[in-house]
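Here's the structure, in structure tokens; my notes come after.
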Amino acid sequence: MSSIIFSILGIYIFIVMGFIAKMSFKEQIDDKTITLINVYFLQVFLTFWGLLIRPIDITLLYAPSIYLGIVVVLLIVSALVAKKLFSSQKEYSIATVAALIGNTGNLGIPINIAIFGEESIPYTTVVNLVNVFVVYTVGVFYYSRGSFDTKTSLLNIVKLPILWAAILAIALSIYGYKPSGVVLNTLMMGAYASMTMQLFLFGIYLYGTKIQEISKTLVIWVLTFKFLLLPAIAFLVLINIELDPIIKGIIFIELMMPLAVANVNLASLYDCSPRVVTALVFISSFVFLGAIFVAVEVLTYL
């Protein structure tokens, strides 16, 4: 259990640094510039590194297909219910998609290693791959819809280089391309810079965010959806599928991950209330500290 806690706490160092930096230098730090550099440049390195560091095994795609199926069903439910609960387009967009974009990579992979061991890595890698496509298709569309019309939101998906980088990286991996040590080191430098900047940006937006001013309905809906409705539906689906209990457990834990910092990136990029999203990510991260131990106990019933 201690390894799970340290896996979570380790990432907070950079969040605190971002918070202190913004508190110290205020407007001298331009939030949008950091977002643009990260999303349009550094995350391309992160995408290539994450997808090329290990060959993609097509035979492992059954697990992420179940993950994707659960996400799609819940997206439909979320979109329908959120439409009735929120009149503001930005709140509707956040309520629809935020809980579905979990931190399956930076947090999900190490936590699954802590629970299931290194044999979980191939499965968490392909689940994270599916989540990347969810983030940069569904996530981009809904966060764009907070400020733009449907046509522009669809175009915004195509404009992001990360999606094309992911497609190219997958094609190279399937083709059998193995990057040299020099190439991998270069990609790793950009990848770690991206992850660090992403956490740093989260800390920057956290400064000045007033949680008490956020719609209580939005907070309750996102947290209820993330930690009650989503795991309940996931459990019902997984318990009725013939599959290795460890793979079921990996899918369940990945779906339990708190809101990813990628939510903040997209909300900032498309001006969809980034400070509100930051607060939701922050709150979900703290709720997760307790929820993860409940989730571990649930694994015995899968």
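In the structure tokens, the first chain shown is A, the next is B, and so on; residue numbers restart at 1 for each chain, and ligands run from 1 in the order shown.
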For this session: Using backbone DSSP assignments, extract all alpha helix (DSSP H) residues from region 48-177 of chain A; output them as JSON, numbers by chain.
Result: {"A": [48, 49, 50, 51, 52, 62, 63, 64, 65, 66, 67, 68, 69, 70, 71, 72, 73, 74, 75, 76, 77, 78, 79, 80, 81, 82, 83, 84, 85, 89, 90, 91, 92, 93, 94, 95, 96, 97, 108, 109, 110, 111, 112, 113, 114, 115, 116, 121, 122, 123, 124, 125, 126, 127, 128, 129, 130, 131, 132, 133, 134, 140, 141, 142, 143, 144, 145, 150, 151, 152, 153, 154, 155, 156, 157, 158, 159, 161, 162, 163, 164, 165, 166, 167, 168, 169, 170, 171, 172, 173, 174, 175]}
Exercise. Smallest atom-to-atom distance to Pro258 (chain A): which of A:Leu42, A:Leu155, A:Leu52, A:Leu107, using only C-alpha atoms?
Worked result: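 Of A:Leu42, A:Leu155, A:Leu52, A:Leu107, the one nearest Pro258 (chain A), counting only C-alpha atoms, is A:Leu107.
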Using only C-alpha atoms, what table do you get, as a Markdown table, when you list each residue of region 147-251 of chain A with an atom no more than 8 Å from region 263-271 of chain A, its nearest pair of atoms, and their distance in Å rounded to one decimal, rows by chain then rising number?
| residue | atom | partner | partner_atom | distance |
| --- | --- | --- | --- | --- |
| A:Ser147 | CA | A:Asp271 | CA | 6.7 |
| A:Gln198 | CA | A:Asn265 | CA | 7.5 |
| A:Phe202 | CA | A:Val264 | CA | 6.8 |
Mind dumping a table of every region 79-138 of chain A residue within 12 Å of region 62-75 of chain A, with the nearest atom pair and its distance in Å to one decimal, using only C-alpha atoms, sorted by chain and rising number, as a tab-separated table?
residue	atom	partner	partner_atom	distance
A:Ala79	CA	A:Leu75	CA	6.0
A:Leu80	CA	A:Leu75	CA	8.6
A:Val81	CA	A:Leu75	CA	10.0
A:Ala82	CA	A:Leu75	CA	10.2
A:Ser93	CA	A:Leu75	CA	11.3
A:Ile94	CA	A:Leu75	CA	11.9
A:Ala95	CA	A:Leu75	CA	10.2
A:Thr96	CA	A:Leu75	CA	6.8
A:Val97	CA	A:Leu75	CA	7.0
A:Ala98	CA	A:Leu75	CA	10.1
A:Ala99	CA	A:Leu75	CA	9.4
A:Leu100	CA	A:Val71	CA	6.7
A:Ile101	CA	A:Val71	CA	9.3
A:Gly102	CA	A:Val71	CA	10.7
A:Thr104	CA	A:Tyr67	CA	11.2
A:Ser120	CA	A:Ala63	CA	11.4
A:Pro122	CA	A:Ala63	CA	10.3
A:Tyr123	CA	A:Ala63	CA	7.0
A:Thr124	CA	A:Pro64	CA	8.6
A:Thr125	CA	A:Pro64	CA	9.3
A:Val126	CA	A:Pro64	CA	6.3
A:Val127	CA	A:Pro64	CA	4.7
A:Asn128	CA	A:Pro64	CA	8.2
A:Leu129	CA	A:Pro64	CA	8.3
A:Val130	CA	A:Pro64	CA	6.4
A:Asn131	CA	A:Leu68	CA	8.0
A:Val132	CA	A:Leu68	CA	11.1
A:Phe133	CA	A:Leu68	CA	9.9
A:Val134	CA	A:Leu68	CA	8.4
A:Val135	CA	A:Val71	CA	11.4
A:Val138	CA	A:Leu75	CA	9.1
For this session: Name the closest residue to Arg54 (chain A) among the candidates A:Ser173, A:Ser24, A:Thr209, A:Thr186; distances are taken between atoms, counting only C-alpha atoms.
Result: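 Answer, going by the shortest atom-to-atom distance: A:Ser173.
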Exercise. From the list A:Pro245, A:Pro231, A:Gly176, A:Gly181, which residue is nearest Trp49 (chain A) when using only C-alpha atoms?
Worked result: A:Gly181
Problem set entry | Which of A:Met195, A:Leu172, A:Leu230, A:Leu163 sits closest to Phe14 (chain A) [using only C-alpha atoms] |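 Closest to Phe14 (chain A) of all the choices is A:Met195.
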